[in-house]
Every structure is written in structure tokens, then in C-alpha cells.
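The block underneath contains the structure these notes are about, expressed in C-alpha cells.
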Amino acid sequence: MIESSGGPSTFRDLSALVACPRVNSLALSVDGTRLVAAVQSLSGDGTRFVSGLWEIDPTGKRDALRLTRSDKGESGPVFGPDGTLYFLSGRATADSDEDEGAALWALPPRGEAVVVAGHPGGIAAVTVARDSGALCHTAGLLPGATDAEAHGKLRAARKDAKVTAILYEAGPTRAWDHDLGPAEPHTFVRAGVDAEPVLAGGQGIGLEDPGDAALSPDGTRVAYRRFVPGRVPDEHRTAVVVADAVSGEEIHVVGDLEHLYEAPRFTHDGSAVVCRRMRCPTYNDPLETTLVRIDLADGAVQDLLPGFDNWPGGVACSPVDDTLFFTADEQGHAPVFRRDSDGGVTRLTASGAYGSLTVAPDGRMLYALRHAVDAPPTPVRIDADVADQTPDELPAPGGVGELPGTLTEVHAEGDDGFVLRGWLVLPQGASAERPAPLLVAVHGGPQSSWNGWTWRWNPWPFAARGYAVLLPDPALSTGYGQINHRRGWGQWGGRPYTDVIALTDATEARNDIDASRTALAGGSYGGYMANRVATSTDRFKAIISHAGLWDLRMFQGDTDAPWYFQRIFGDPLTRPERYEADSPHLDVAKIRTPMLVIHGAKDYRVPVGQGATLFQELQRHHVPAKYLYFPDENHWILKPNHARLWYETFLNFLDHHVLGTEWQQPGLL
């Protein structure tokens, strides 16, 4: 039986919403007969999420079957050619150390799971060669260590001496919620489970998520991403390294100052590597993304999508020919596309957003996770030959039951004539006779789009409380062509702001919306927009700013990616006007709207000083404000009970200021 399928009250009971299982990734066996998903669910005490592995029937005839149940959880499933299922887990063994992190486990088609590889400090990611069964994993090495044994000794010495200090010589020092280093992620390859690992090179200290590696089908080549520090911060970049998997010798290093390279994938015959290439942005030219092919014979790089106007995301290579499958944001969706060997591109799915693409052995079927604003991630089967199809859903955990409302679209026109769009969630019962109060929720990024399900900023709990929710895609949003980036580039608080207001106006003009009871909220860049709106208008009854940028000049020196921010806006000492033009903190005296500020202390992307300073400034200017502070959370609020309190505080703040109800202090706060 499938656990916790949800029901009509899921969004009215925040604890039930948080408890819903969450499908995160898929792995398909080499012969195409088995499909496994990693699914997060609540731990026994309800205080954390634990990932487990579930078997999904590729034919869609049988219910999902849970395969693993350890308290530490299992993740990163991948199949070997003999049907062995490999995964990562920190589950205990008779001789393991609780501080050793995740080890590589193997679950044969018949029998029990066993540990097949470990590394002091844990393994971050693993992949397997399709034909040979060679294994590749990512793990750290401390400075001076050349193998796992030396790394383990150095690590033990630091632990015994109670030394945690790190000496940086280049590159960023933090990422999202953790310090980088002192160990550098490295790529290791072994010809088989019993073979000695070969060191294929370092990935550099600076990657947000190391482990972006791939093996050629025969296991003789490995490709991975490397962070390359520059002479000055705005010259930092990423490259794709292709190395010999037997000797560890580098064959090609593809990278330059104008581009970032990531997500390498080998073609079906191993003769080339396909990867994502992003043109580095400047103040005048926005980011631009495409797929490229790196020929392993001569290192030549070919743009595979020269006429494709949106940015490709996840990519998968056919195992039988040069056909590629990829996703890309498009008009509030993120379809799956097929690129044929002649360069032609066909959209395969009609609606929804997709991820975790995997291709069947004959190349004629795909499996993926489909989600949408009104549907959580679920495994689907896609016909590789049918355009604009509705894929077949496969039974899996993660259902949420009946939604407390409906989903429609809103359109407006920008000040330059550009056609704007957004999603509108309408609560049950909203009508001209009973118009609903409105929450405008601005997405982060800003290069992003409201096109899929989110557990962190889900609109349906607000609909269950009676609110309509506008999800606008203003300038800088993805999925509307490169023109939508150019029209808002270099003016974070300019045209994106006027676009949000235009979509709000169009929504408030509906007779089922109560324009007199409207609030606005956002997280990350959306939090910045909330701060910008607060200093620009008093039309909203309440504003919620989660992890929002407040003082742009202070932010650029404190964020975990200052090199990227400075590449766009320049040196704040020589180009201060670029920071001051759109920095909300300079207009704090104009704020009149009650604000709820939310921030996590471990947020290194938008450091907590941004939220703390905003709250202090609001108090100094006598603006009604509350500050929801999480000492042990990061850019997003991820712990189950904290997530529940986030929604409860957010909703109670809206009820108080938008509906005029008495303030209700959430329990446990």
C-alpha cells in the first residue's frame, strides 16, 4: 500500500501537509524493467525528513513497493548492468564510525544490501557505467592527501586536536548553508566493486553541489565539473574535465572566461560529452544558456541549440543514438523536449514541469518526475515519439488529495507592450458575490518561474484559508525567451517591479477578487521585491519578506557568491550607482505597510544581517513589524516543525492585517 496519500483536509492541516511523502529522484535499470524512486518521509518522531527507496512499476499496473527503511535513510539510487541497485546511506554497520558520513551500498536483485565502498567523511555522489559496471564516486581529500587513507589520518588528527580552522587561498568560502573546505571534492573511479579506486582529479573548492560526474558507457572515460578560481573574483568559472578512468590522466579541460560549464553526459557511444553551457553575465548582457557537444577526438565544442530561445535544464542522452532529451521553462511550464541528430527540436509534453529524466534501453520511452503548480512530483512514462502528449502517471507515494481551489491564468501588458502572464490560485467559493482576498507571491531567482510544485512556498494552504494567490512571472523570469531577461536586466527594482504591479492590477480587476484586501510576499529575490514594494507603495495591507535582500552594497560583500554578483554589477567602489539605484534600504523612511520579516541564521546566500537590519530599521521608523528568526535554518526553512510554524505564522500575519482578525501567536513560539 502507498503511505500517506493525503486527503481533502491536507492543506487545512499544516501538519498533514508537512507529512506528505516527497518523491525526489528516479533511477531506471539498464534493461528497463525496474524503476526506483528516492522518497522523503517523516522520521518516527516527526522532527526530520528521511529518504527511502521505493520500487515503481514501469508498466503502471502495480502499487509502489518500499525497498529500504533505515533511520539514516538512503539516496542517490543508480543501477549497475547486472541489476545491482547502488545507493548512498549513513546507516550503521558493525565497524562503522558515526562520523564517517554516507557509504556506498549495493542491493543485489536477490539478497540483502551490503557496504561496497566508504570514505572518511562520506561519499557525496555516485554513478555507474552503463555497460561495464565501473563505479565513480565523489569524496573529499584534505590538502596534502593523495588517497582516502592519507585523508583519513589527516582528518583524525584535526579531530583529535579539535581544529576546525580553514585556510582559504582563492575562490568562495561558503555555499548556501555550509563552509567550503578544507577538503576538496575529488573524482574517484574503480573498474569494479573490488578494484582499487583511481583518482581522476579534483573538482575544486567552490562548487555548490559537487558530484556532477558521468562515466562513458564502457567505463574508460569520466567527465566531471571543476571550479576554477580566477585571478580576480569575477574571473572565477567552471569547466568540464574529461579524464582517462584507468590512469586518471586528463584528456580535455573545456572552459573559458566567458562561460560556465556543467552537467556533463556521455553520448550513447562515448565519443562525445554533452553539457550545459552558460554565458557569463555582465551588466549589459544577461545570462544565456544552451547545450553543447564536446567531441572527444579533438575537443571541438558545438552549440546544439543555436535557435532555441529558452534555457535548457536537465538533459539525458539516448542509449542508442545521438538523440537528446532535455527540459526547459516555457510559458509557466517546463516541458520535455527531444533534439534529433539533425538538430530538430520537438516538444514532447503539453503541460507541467519535469525532472529526473531517464531513457529506456531502446530509446523509445522516457521516465521522469512530473509536477505542476497544482500537482506534486509523481513518476510518469513518456513516449519519445509523440509531441505534446499527456504522459501516463505511475502509482507512487506522494499524493496530496483534493485541492482546496482551482488554477487559472492571468495576463497583462508590460509598459513596453510585452505580454505578461502568471498563475492564479482561486479558493473554493470565490465569486463576484464572495470575492477572495489576494496574496501576491513573487518568486526567487530572479531567473526562475512559477511552473511547478513547491513544498516551501505552496499556494494551496493559503487557498484553504480563503486567499487567492497570484504567482506572477515578471521580467527576468525564465521561459519567455531571452527578450524577457534583456527587458529587465540591470534593473532589479525597475521593470520587474512594474510587471508585478501590472499583473496585480489585472488580477484585482476580476470580480472574484477583493482588491481592498491584498498582501504581497516573496522569498530570496522575491523577498528583495517585497522590500522594494514596501518602499514604493502603500497599496498592500501586509508584506512578508523571507530571506530578502535589503542593502545591496552590504549584501554583495557578504553573500556566498560575491564573484557572480560583482561580475554583473561591478565593483561597488567604482560603480556605487548600480547598487544604490535599486537598493531598498535607502528608502526605508517611505515604508508604511506592516511587515513580517523571516530569515535563517545559516543563510549564506542572503546572509541573516539583511533581515536583521531590515527589522531594526522598521522598528526605528515605527512600522508595525514582526521578525520570525530561525537560528538553525538556512535560505529555506526545511525542518518539518519549522516549516509548519513558517506557514502558521505567515497565515496568521495575513489574517491579522488583511482580514482584520485578532493576532494569534503560533504555538511553540
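Identifiers for the C-alpha cells are assigned positionally: chains receive A, B, ... in sequence, residues are indexed from 1 per chain, and ligands are indexed from 1 in the order shown.
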12 Å contact set for Ser524 (chain A), only C-alpha atoms, chain neighbours under 5 positions out, as a PyMOL selection string: chain A and resi 176+441-448+457+529-531+544-550+597-600+603-608+610-611+634-636
Write out as a Markdown table the residues of region 480-551 of chain A that have any atom within 12 Å of an atom of region 646-653 of chain A, one row each with the nearest atom pair and its distance in Å to one decimal, counting only C-alpha atoms, sorted by chain and then rising number.
```
| residue | atom | partner | partner_atom | distance |
| --- | --- | --- | --- | --- |
| A:Ala519 | CA | A:Phe653 | CA | 10.3 |
| A:Leu520 | CA | A:Phe650 | CA | 11.3 |
| A:Ala521 | CA | A:Phe650 | CA | 9.5 |
| A:Gly522 | CA | A:Phe650 | CA | 11.4 |
| A:Lys541 | CA | A:Phe653 | CA | 10.5 |
| A:Ala542 | CA | A:Phe653 | CA | 8.0 |
| A:Ile543 | CA | A:Phe653 | CA | 9.3 |
| A:Ile544 | CA | A:Phe650 | CA | 7.6 |
| A:Ser545 | CA | A:Phe650 | CA | 10.2 |
| A:His546 | CA | A:Trp646 | CA | 10.1 |
```
The selected residues should be written to file as a PDB file, in the first residue's frame (atoms: N, CA and C atoms).
```
ATOM      1  N   ALA A 519      -2.269  41.451  -0.124  1.00  0.00           N
ATOM      2  CA  ALA A 519      -0.942  41.421   0.502  1.00  0.00           C
ATOM      3  C   ALA A 519       0.074  40.958  -0.526  1.00  0.00           C
ATOM      4  N   LEU A 520       1.352  41.156  -0.230  1.00  0.00           N
ATOM      5  CA  LEU A 520       2.435  40.724  -1.131  1.00  0.00           C
ATOM      6  C   LEU A 520       3.537  40.079  -0.313  1.00  0.00           C
ATOM      7  N   ALA A 521       4.140  39.046  -0.902  1.00  0.00           N
ATOM      8  CA  ALA A 521       5.200  38.316  -0.211  1.00  0.00           C
ATOM      9  C   ALA A 521       6.196  37.784  -1.224  1.00  0.00           C
ATOM     10  N   GLY A 522       7.358  37.414  -0.749  1.00  0.00           N
ATOM     11  CA  GLY A 522       8.361  36.813  -1.614  1.00  0.00           C
ATOM     12  C   GLY A 522       9.541  36.311  -0.816  1.00  0.00           C
ATOM     13  N   LYS A 541      -1.959  45.605   2.189  1.00  0.00           N
ATOM     14  CA  LYS A 541      -2.298  45.572   3.611  1.00  0.00           C
ATOM     15  C   LYS A 541      -1.179  44.977   4.455  1.00  0.00           C
ATOM     16  N   ALA A 542      -0.374  44.111   3.864  1.00  0.00           N
ATOM     17  CA  ALA A 542       0.726  43.468   4.580  1.00  0.00           C
ATOM     18  C   ALA A 542       1.766  43.028   3.577  1.00  0.00           C
ATOM     19  N   ILE A 543       3.004  42.952   4.031  1.00  0.00           N
ATOM     20  CA  ILE A 543       4.108  42.490   3.190  1.00  0.00           C
ATOM     21  C   ILE A 543       4.954  41.518   4.002  1.00  0.00           C
ATOM     22  N   ILE A 544       5.297  40.393   3.379  1.00  0.00           N
ATOM     23  CA  ILE A 544       6.139  39.388   4.030  1.00  0.00           C
ATOM     24  C   ILE A 544       7.420  39.247   3.223  1.00  0.00           C
ATOM     25  N   SER A 545       8.553  39.430   3.880  1.00  0.00           N
ATOM     26  CA  SER A 545       9.865  39.353   3.228  1.00  0.00           C
ATOM     27  C   SER A 545      10.663  38.211   3.840  1.00  0.00           C
ATOM     28  N   HIS A 546      10.835  37.143   3.055  1.00  0.00           N
ATOM     29  CA  HIS A 546      11.606  35.979   3.511  1.00  0.00           C
ATOM     30  C   HIS A 546      12.976  36.001   2.832  1.00  0.00           C
TER      31      HIS A 546
END
```
Can you tell me which residues surround Gln491 (chain A) at a distance of at most 9 Å, considering only C-alpha atoms, apart from same-chain residues fewer than 3 positions away, and format the answer as a PDB file with C-alpha atoms, in the first residue's frame?
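As written to disk, out.pdb reads:
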```pdb
ATOM      1  CA  ARG A 487      13.952  43.816 -20.798  1.00  0.00           C
ATOM      2  CA  GLY A 488      14.621  43.628 -17.053  1.00  0.00           C
ATOM      3  CA  GLY A 494      12.645  48.589 -12.234  1.00  0.00           C
ATOM      4  CA  ARG A 495      10.714  46.693 -14.885  1.00  0.00           C
ATOM      5  CA  PRO A 496      10.301  43.521 -12.768  1.00  0.00           C
ATOM      6  CA  ARG A 578      24.442  50.423  -9.795  1.00  0.00           C
ATOM      7  CA  ALA A 581      19.737  52.588  -7.875  1.00  0.00           C
ATOM      8  CA  ASP A 582      17.787  49.518  -6.738  1.00  0.00           C
TER       9      ASP A 582
END
```
Contacts of region 355-359 of chain A within 8 Å, only C-alpha atoms, excl. fewer than 4 positions in-chain, as an NGL selection string: :A and (25-28 or 314-319 or 325-327 or 363-370)
Nearby residues (only C-alpha atoms) at most 10 Å from Glu184 (chain A), same-chain spacing under 4 positions excluded, as a ChimeraX atom specification: /A:138-143,180,202-207,210
If you keep C-alpha atoms, can you produce a file of those selected residues as a PDB file, in the first residue's frame?
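Okay, this is what ended up in result.pdb:
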```pdb
ATOM      1  CA  THR A 138      32.848  11.942  -5.370  1.00  0.00           C
ATOM      2  CA  ALA A 139      34.550  12.359  -1.992  1.00  0.00           C
ATOM      3  CA  GLY A 140      36.835  14.858  -0.269  1.00  0.00           C
ATOM      4  CA  LEU A 141      40.598  14.976   0.210  1.00  0.00           C
ATOM      5  CA  LEU A 142      42.262  17.306   2.706  1.00  0.00           C
ATOM      6  CA  PRO A 143      45.251  19.378   1.495  1.00  0.00           C
ATOM      7  CA  LEU A 180      33.539  25.096   1.823  1.00  0.00           C
ATOM      8  CA  GLY A 202      39.926  17.464  -8.090  1.00  0.00           C
ATOM      9  CA  GLN A 203      36.670  19.332  -8.579  1.00  0.00           C
ATOM     10  CA  GLY A 204      37.924  22.467  -6.856  1.00  0.00           C
ATOM     11  CA  ILE A 205      36.709  24.216  -3.711  1.00  0.00           C
ATOM     12  CA  GLY A 206      33.826  26.389  -4.814  1.00  0.00           C
ATOM     13  CA  LEU A 207      31.085  24.129  -6.182  1.00  0.00           C
ATOM     14  CA  PRO A 210      29.885  18.605  -6.021  1.00  0.00           C
TER      15      PRO A 210
END
```
Spatial neighbours of Leu291 (chain A), 10 Å, only C-alpha atoms, chain gap at least 5 places, as an MDAnalysis selection string: chainID A and resid 261:264 274:278 302:306 308 311:313 315 324 326
Residue contacts of Arg456 (chain A) (8 Å, only C-alpha atoms) excluding same-chain residues fewer than 6 positions away, as a PyMOL selection string: chain A and resi 636-638+643
Length of the CA of His259 (chain A) to CA of Leu296 (chain A) vector [Å]: 19.3 Å
Test item, strand (DSSP E or B) assignment across region 146-180 of chain A, answer as a VMD selection string: chain A and resid 174 to 175 178 to 179
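Minimum atom-to-atom distance to His186 (chain A), evaluated using only C-alpha atoms, belongs to A:Ala125 out of A:Leu573, A:Ile56, A:Ala125, A:Val50.
CA of Leu439 (chain A) is found 8.7 Å from CA of Leu654 (chain A).
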Nearest to Thr282 (chain A), chosen from A:Asp234, A:Pro472, A:Leu53, A:Arg174, with only C-alpha atoms counted in the distances: A:Asp234
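You will find CA of Phe49 (chain A) at 14.5 Å from CA of Thr68 (chain A).
Distances from A:Thr498, A:Thr378, A:Ser431, A:Ser271 to Gly398 (chain A) were compared using only C-alpha atoms, and the smallest one belongs to A:Thr378.
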